[in-house]
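Just below is one structure, and these are the notes that go with it.
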Amino acid sequence: MTNRNVNNTILELAMSISNSGALPRAAVPGLPQKKLLLKTLEDGTGKGGTKVNTWIDSMRASSPTRVKSTQNQDPSPWILYHPSALNLFDQIVCESKGKQIVTFLDYDGTLSPIVADPDKAYMSQKMRATLKDIARHFPTAIVSGRCIDKVYSFVRLAEVYYAGSHGMDIKGPTNRRSTKKGNDAVLFQPGSEFLPMINEVYNILVDKTKSVPGAKVENNKFCLSVHFRCVDEKNWASLAEQVSLLLDHYPKLKLTQGRKVLEIRPTIKWDKGKALEFLLESLGYGNSDNVFPIYIGDDRTDEDAFKVLRKRGQGIGILVSKIPKETDASYTLQDPTEVGQFLRHLVEWKRTSTQYHKL
């Protein structure tokens with residue numbers, strides 16, 4: 001069988017799965033199952049020490065040192081269902097033919113590498129230039145767990161949409177060049193009533209986590225991030241216990257988990273998937289068949305957006321990961337370098353197709 005036939009076979013299978021949702025995430029061969037742990041963590045079930053121990057197990061599951069144990073597994077079945085978006089780029093743009101591409105991008109781990117200090121997660125100048133080109137050709141949104149001011153300070157592009165705090169703070173392009181922090185056109189802030197509570201919990205956590213070396217609490221306006229990337233594993237129990245005991249007093253806040261971070265959010269039903277739907281609606285594509293959303297992200301919180309795309313049967317989700325993971329994404333890219341390559345391919349394809357139509 002030729003490489004072209006193999007690629008076509010993989011594409012047909014991947015597209016079939018993407019459109020029908022026929023393959024449950026848990027059914028992917030060779031993939032570690034951590035769903036029950038994560039469900040217990042995020043639902044807040046379990047009491048006392050059991051609850052804390054569950055959190056610690058989940059923290060270990062998300063640790064890069066623990067991920068190494070999956071490297072001996074055969075990735076072939078997983079790659080079959082989640083092929084490289086670079087390898088199948090031509091087929092992807094073929095699927096988008098006649099439709100408006102809208103790009104949605106996570107920040108940390110997608111546009112910038114994951115770093116020990118979250119305040120230094122700078123993206124490269126090359127990536128910024130690529131992002132500027134993408135925004136020139138397609139409606140583009142950055143969807144991050146960070147607060148908008150922080151993401152804007154990294155990106156510094158006024159021509160894109162920003163959805164910070166996991167989509168709970170959405171602002172639109174200013175249509176002018178600016179180097180100021182933030183963005184003026186507020187579109188949606190569904191968690192505004194929780195701001196006093198979140199600030200209160202932030203101040204308490206900053207004080208309590210001083211006893212845990214390496215812990216960092218980040219105020220993302222409508223949510224909080226407790227980073228444990230630089231915390232010694234022997235101190236994870238202490239950190240988990242402090243967060244657990246505090247949240248027992250705030251039933252309107254819930255705990256979720258990302259890559260080496262515990263995240264505290266309001267209990268409202270709003271996430272990156274809801275933000276994606278809101279932005280599509282704002283752009284006039286809420287009920288349109290002529291739109292092709294592309295969402296690229298690396299984190300567990302991006303799965304909410306992948307699920308929305310799978311349910312809509314429109315566009316594609318692309319997971320950024322070098323290892324097999326449970327995901328509702330259809331394709332994969334290994335790291336921010338490959339993300340940049342994929343985005344540059346999109347820009348070049350758009351330029352070429354535009355020039356062709358002008359002839």
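Residue numbering restarts at 1 in every chain; chains get A, B, ... in the order shown in the structure tokens, and ligands count up from 1 in that same order.
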
Residues of stretch 88-134 of chain A in helix (DSSP H, G or I) according to DSSP, as a list of chain:residue names?
->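 So, restricting stretch 88-134 of chain A to helix (DSSP H, G or I), we get A:Phe89, A:Asp90, A:Gln91, A:Ile92, A:Val93, A:Cys94, A:Glu95, A:Pro118, A:Asp119, A:Lys120, A:Gln125, A:Lys126, A:Met127, A:Arg128, A:Ala129, A:Thr130, A:Leu131, A:Lys132, A:Asp133, A:Ile134.
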
Contacts of stretch 115-126 of chain A at 8 Å (only C-alpha atoms; same-chain gap of 2+ positions) as a PDB file with N, CA, C and O atoms, in the first residue's frame:
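Output contents, as saved in selection_12.pdb:
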ATOM      1  N   ASP A 108      -0.469  28.586  26.917  1.00  0.00           N
ATOM      2  CA  ASP A 108       0.619  27.808  27.522  1.00  0.00           C
ATOM      3  C   ASP A 108       0.661  26.395  26.947  1.00  0.00           C
ATOM      4  O   ASP A 108      -0.343  25.688  26.930  1.00  0.00           O
ATOM      5  N   LEU A 111       1.094  27.898  22.178  1.00  0.00           N
ATOM      6  CA  LEU A 111       1.835  28.978  21.520  1.00  0.00           C
ATOM      7  C   LEU A 111       3.179  29.225  22.180  1.00  0.00           C
ATOM      8  O   LEU A 111       4.101  29.755  21.556  1.00  0.00           O
ATOM      9  N   SER A 112       3.279  28.849  23.438  1.00  0.00           N
ATOM     10  CA  SER A 112       4.544  28.994  24.170  1.00  0.00           C
ATOM     11  C   SER A 112       4.861  27.673  24.865  1.00  0.00           C
ATOM     12  O   SER A 112       3.952  26.895  25.168  1.00  0.00           O
ATOM     13  N   PRO A 113       6.133  27.404  25.123  1.00  0.00           N
ATOM     14  CA  PRO A 113       6.482  26.168  25.831  1.00  0.00           C
ATOM     15  C   PRO A 113       6.072  26.249  27.297  1.00  0.00           C
ATOM     16  O   PRO A 113       5.940  27.337  27.857  1.00  0.00           O
ATOM     17  N   ARG A 128       4.946  34.922  17.319  1.00  0.00           N
ATOM     18  CA  ARG A 128       4.107  36.128  17.316  1.00  0.00           C
ATOM     19  C   ARG A 128       3.840  36.585  15.884  1.00  0.00           C
ATOM     20  O   ARG A 128       2.708  36.978  15.540  1.00  0.00           O
ATOM     21  N   ALA A 129       4.864  36.553  15.039  1.00  0.00           N
ATOM     22  CA  ALA A 129       4.684  36.948  13.639  1.00  0.00           C
ATOM     23  C   ALA A 129       3.715  35.997  12.937  1.00  0.00           C
ATOM     24  O   ALA A 129       2.875  36.423  12.132  1.00  0.00           O
ATOM     25  N   THR A 130       3.825  34.704  13.261  1.00  0.00           N
ATOM     26  CA  THR A 130       2.908  33.716  12.688  1.00  0.00           C
ATOM     27  C   THR A 130       1.477  33.983  13.122  1.00  0.00           C
ATOM     28  O   THR A 130       0.535  33.936  12.320  1.00  0.00           O
ATOM     29  N   PHE A 154       1.702  38.859  27.010  1.00  0.00           N
ATOM     30  CA  PHE A 154       2.550  37.923  26.282  1.00  0.00           C
ATOM     31  C   PHE A 154       2.371  38.072  24.761  1.00  0.00           C
ATOM     32  O   PHE A 154       3.330  38.059  23.999  1.00  0.00           O
ATOM     33  N   VAL A 155       1.110  38.197  24.333  1.00  0.00           N
ATOM     34  CA  VAL A 155       0.794  38.159  22.898  1.00  0.00           C
ATOM     35  C   VAL A 155       0.971  39.531  22.238  1.00  0.00           C
ATOM     36  O   VAL A 155       1.536  39.639  21.146  1.00  0.00           O
ATOM     37  N   ARG A 229       4.316  22.924  39.876  1.00  0.00           N
ATOM     38  CA  ARG A 229       5.391  22.456  38.990  1.00  0.00           C
ATOM     39  C   ARG A 229       6.744  22.458  39.702  1.00  0.00           C
ATOM     40  O   ARG A 229       7.606  21.619  39.433  1.00  0.00           O
ATOM     41  N   CYS A 230       6.939  23.423  40.596  1.00  0.00           N
ATOM     42  CA  CYS A 230       8.227  23.549  41.292  1.00  0.00           C
ATOM     43  C   CYS A 230       8.154  23.063  42.737  1.00  0.00           C
ATOM     44  O   CYS A 230       9.043  23.362  43.552  1.00  0.00           O
TER      45      CYS A 230
END

Which of A:Ser84, A:Thr327, A:Ser165, A:Gln189 sits closest to A:Glu263 [using only C-alpha atoms] =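 The closest residue to A:Glu263 is A:Ser165.
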
Could you tell me which of A:Lys325, A:Ser282, A:Asn235, A:Ala275 comes closest to A:Pro139 if we count only C-alpha atoms?
->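 Of A:Lys325, A:Ser282, A:Asn235, A:Ala275, the one nearest A:Pro139, counting only C-alpha atoms, is A:Ser282.
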
Just list the residues in stretch 40-284 of chain A DSSP gives strand (DSSP E or B) on the backbone, as a ChimeraX atom specification.
-> /A:84,100-105,108,112,140-143,161-164,169-172,185-188,216-219,224-227,253-258,261-266

Any chance you can output those residues with C-alpha atoms as a PDB file, in the first residue's frame?
ATOM      1  CA  SER A  84      -0.531  14.274  12.833  1.00  0.00           C
ATOM      2  CA  GLN A 100     -14.743  30.087   6.822  1.00  0.00           C
ATOM      3  CA  ILE A 101     -11.873  28.871   8.977  1.00  0.00           C
ATOM      4  CA  VAL A 102     -11.881  30.266  12.524  1.00  0.00           C
ATOM      5  CA  THR A 103      -8.842  29.507  14.679  1.00  0.00           C
ATOM      6  CA  PHE A 104      -8.936  29.008  18.446  1.00  0.00           C
ATOM      7  CA  LEU A 105      -5.624  28.632  20.291  1.00  0.00           C
ATOM      8  CA  ASP A 108       0.619  27.808  27.522  1.00  0.00           C
ATOM      9  CA  SER A 112       4.544  28.994  24.170  1.00  0.00           C
ATOM     10  CA  THR A 140      -8.586  34.201  15.653  1.00  0.00           C
ATOM     11  CA  ALA A 141      -9.070  33.788  19.395  1.00  0.00           C
ATOM     12  CA  ILE A 142      -6.688  32.977  22.241  1.00  0.00           C
ATOM     13  CA  VAL A 143      -8.549  30.822  24.790  1.00  0.00           C
ATOM     14  CA  TYR A 161     -10.106  37.863  20.421  1.00  0.00           C
ATOM     15  CA  TYR A 162      -9.057  37.006  23.974  1.00  0.00           C
ATOM     16  CA  ALA A 163     -10.975  34.559  26.166  1.00  0.00           C
ATOM     17  CA  GLY A 164      -9.256  34.496  29.546  1.00  0.00           C
ATOM     18  CA  ASP A 169     -13.666  36.890  30.393  1.00  0.00           C
ATOM     19  CA  ILE A 170     -14.086  37.464  26.648  1.00  0.00           C
ATOM     20  CA  LYS A 171     -12.971  40.574  24.792  1.00  0.00           C
ATOM     21  CA  GLY A 172     -12.851  41.401  21.107  1.00  0.00           C
ATOM     22  CA  ALA A 185     -14.261  45.757  23.907  1.00  0.00           C
ATOM     23  CA  VAL A 186     -15.742  43.559  26.635  1.00  0.00           C
ATOM     24  CA  LEU A 187     -18.049  40.927  25.170  1.00  0.00           C
ATOM     25  CA  PHE A 188     -18.916  38.644  28.046  1.00  0.00           C
ATOM     26  CA  LYS A 216       2.693  29.665  43.387  1.00  0.00           C
ATOM     27  CA  VAL A 217      -0.842  31.025  43.440  1.00  0.00           C
ATOM     28  CA  GLU A 218      -1.876  33.006  40.366  1.00  0.00           C
ATOM     29  CA  ASN A 219      -4.940  35.238  40.285  1.00  0.00           C
ATOM     30  CA  LEU A 224      -7.230  30.890  40.534  1.00  0.00           C
ATOM     31  CA  SER A 225      -4.284  28.679  39.615  1.00  0.00           C
ATOM     32  CA  VAL A 226      -2.224  26.864  42.235  1.00  0.00           C
ATOM     33  CA  HIS A 227       0.971  25.858  40.428  1.00  0.00           C
ATOM     34  CA  LEU A 253     -16.131  27.250  43.878  1.00  0.00           C
ATOM     35  CA  LYS A 254     -14.919  24.014  42.282  1.00  0.00           C
ATOM     36  CA  LEU A 255     -11.534  22.416  41.688  1.00  0.00           C
ATOM     37  CA  THR A 256     -10.267  21.268  38.306  1.00  0.00           C
ATOM     38  CA  GLN A 257      -6.791  20.261  37.199  1.00  0.00           C
ATOM     39  CA  GLY A 258      -4.457  21.110  34.370  1.00  0.00           C
ATOM     40  CA  VAL A 261      -1.690  23.111  38.259  1.00  0.00           C
ATOM     41  CA  LEU A 262      -4.797  22.977  40.444  1.00  0.00           C
ATOM     42  CA  GLU A 263      -7.435  25.416  39.268  1.00  0.00           C
ATOM     43  CA  ILE A 264     -10.228  26.950  41.312  1.00  0.00           C
ATOM     44  CA  ARG A 265     -13.242  28.165  39.354  1.00  0.00           C
ATOM     45  CA  PRO A 266     -16.855  29.211  39.944  1.00  0.00           C
TER      46      PRO A 266
END

Go through A:Pro251, A:Ser238, A:Leu245, A:Glu159 and flag the residue nearest A:Met197, using only C-alpha atoms for the distances.
->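 Answer, going by the shortest atom-to-atom distance: A:Pro251.
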
Length of the atom CA of A:Ile268 to atom CA of A:Glu281 vector [Å] =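 Value for the atom CA of A:Ile268-atom CA of A:Glu281 distance: 19.9 Å.
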
Out of A:Leu343, A:Met168, A:Ala158, A:Cys94, which residue has the shortest atom-to-atom distance to A:Phe292 when counting only C-alpha atoms?
->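 Result for the nearest residue to A:Phe292: A:Cys94.
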
Would you mind reading off the distance between atom CA of A:Gly286 and atom CA of A:Asp133, one decimal, in Å?
->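 Between these atoms lies a distance of 24.8 Å.
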
Å distance separating atom CA of A:Val308 from atom CA of A:Gly273, one decimal place =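 Atom CA of A:Gly273 lies 5.7 Å from atom CA of A:Val308.
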
Find the residues near stretch 208-213 of chain A: any atom within 7 Å, counting only C-alpha atoms, skip ones fewer than 3 places away on the same chain, and give them as a list in words.
->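 Neighbouring residues, sequence-local ones excluded: Ile204, Leu205, Val231, Asn235 and Leu239 of chain A.
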
Which residue gives the smallest distance to A:Val201 among A:Glu277, A:Glu233, A:Glu241, A:Asp248, with only C-alpha atoms counted?
-> A:Asp248

Close residues, A:Phe342 itself excluded, 9 Å, only C-alpha atoms, min 3 positions apart in chain, as a PyMOL selection string = chain A and resi 85-86+89+333+337-339+345-347

Give me a file of those residues, with N, CA and C atoms, as an mmCIF file, in the first residue's frame.
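Once everything was written out, this is result_10.cif:
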data_model
loop_
_atom_site.group_PDB
_atom_site.id
_atom_site.type_symbol
_atom_site.label_atom_id
_atom_site.label_comp_id
_atom_site.auth_asym_id
_atom_site.auth_seq_id
_atom_site.Cartn_x
_atom_site.Cartn_y
_atom_site.Cartn_z
ATOM 1 N N ALA A 85 -1.574 16.426 12.426
ATOM 2 C CA ALA A 85 -2.236 17.441 11.605
ATOM 3 C C ALA A 85 -1.299 17.969 10.528
ATOM 4 N N LEU A 86 0.005 17.849 10.729
ATOM 5 C CA LEU A 86 0.967 18.250 9.707
ATOM 6 C C LEU A 86 0.983 17.253 8.558
ATOM 7 N N PHE A 89 -2.214 17.629 6.478
ATOM 8 C CA PHE A 89 -2.626 19.022 6.282
ATOM 9 C C PHE A 89 -3.478 19.200 5.023
ATOM 10 N N LEU A 333 -0.483 17.463 17.326
ATOM 11 C CA LEU A 333 0.789 18.105 17.028
ATOM 12 C C LEU A 333 1.650 17.890 18.260
ATOM 13 N N THR A 337 6.444 24.107 18.510
ATOM 14 C CA THR A 337 7.147 24.230 17.229
ATOM 15 C C THR A 337 6.291 23.703 16.089
ATOM 16 N N GLU A 338 5.675 22.533 16.300
ATOM 17 C CA GLU A 338 4.792 21.985 15.268
ATOM 18 C C GLU A 338 3.527 22.819 15.109
ATOM 19 N N VAL A 339 3.055 23.413 16.205
ATOM 20 C CA VAL A 339 1.896 24.307 16.100
ATOM 21 C C VAL A 339 2.223 25.463 15.167
ATOM 22 N N HIS A 345 1.595 26.869 7.600
ATOM 23 C CA HIS A 345 1.024 26.157 6.448
ATOM 24 C C HIS A 345 -0.359 26.733 6.102
ATOM 25 N N LEU A 346 -1.154 27.022 7.135
ATOM 26 C CA LEU A 346 -2.483 27.597 6.904
ATOM 27 C C LEU A 346 -2.387 28.949 6.200
ATOM 28 N N VAL A 347 -1.465 29.780 6.674
ATOM 29 C CA VAL A 347 -1.285 31.102 6.080
ATOM 30 C C VAL A 347 -0.870 30.985 4.620
#

Would you please work out which residue, of A:Cys223, A:Val206, A:Leu276, A:Leu88, is nearest to A:Leu246 when using only C-alpha atoms?
->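 That would be A:Val206, the residue with the smallest distance to A:Leu246.
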
A:Asp335 surroundings by only C-alpha atoms, 10 Å radius, close-in-sequence under 5 positions cut, as a list in words = Gly109, Thr110, Leu111, Ser112, Pro113, Ile114, Gly297, Asp298, Leu319, Val320, Ser321, Lys322 and Gly340 of chain A

File dump, residues just selected, C-alpha atoms, as a PDB file, in the first residue's frame:
ATOM      1  CA  GLY A 109       1.988  24.642  25.931  1.00  0.00           C
ATOM      2  CA  THR A 110       0.482  25.587  22.566  1.00  0.00           C
ATOM      3  CA  LEU A 111       1.835  28.978  21.520  1.00  0.00           C
ATOM      4  CA  SER A 112       4.544  28.994  24.170  1.00  0.00           C
ATOM      5  CA  PRO A 113       6.482  26.168  25.831  1.00  0.00           C
ATOM      6  CA  ILE A 114       5.599  25.047  29.362  1.00  0.00           C
ATOM      7  CA  GLY A 297      -4.694  23.078  22.773  1.00  0.00           C
ATOM      8  CA  ASP A 298      -2.594  20.900  25.046  1.00  0.00           C
ATOM      9  CA  LEU A 319      -4.236  18.077  20.780  1.00  0.00           C
ATOM     10  CA  VAL A 320      -0.667  19.226  21.421  1.00  0.00           C
ATOM     11  CA  SER A 321       1.080  16.244  23.005  1.00  0.00           C
ATOM     12  CA  LYS A 322       4.066  13.971  22.492  1.00  0.00           C
ATOM     13  CA  GLY A 340       3.829  27.139  14.489  1.00  0.00           C
TER      14      GLY A 340
END
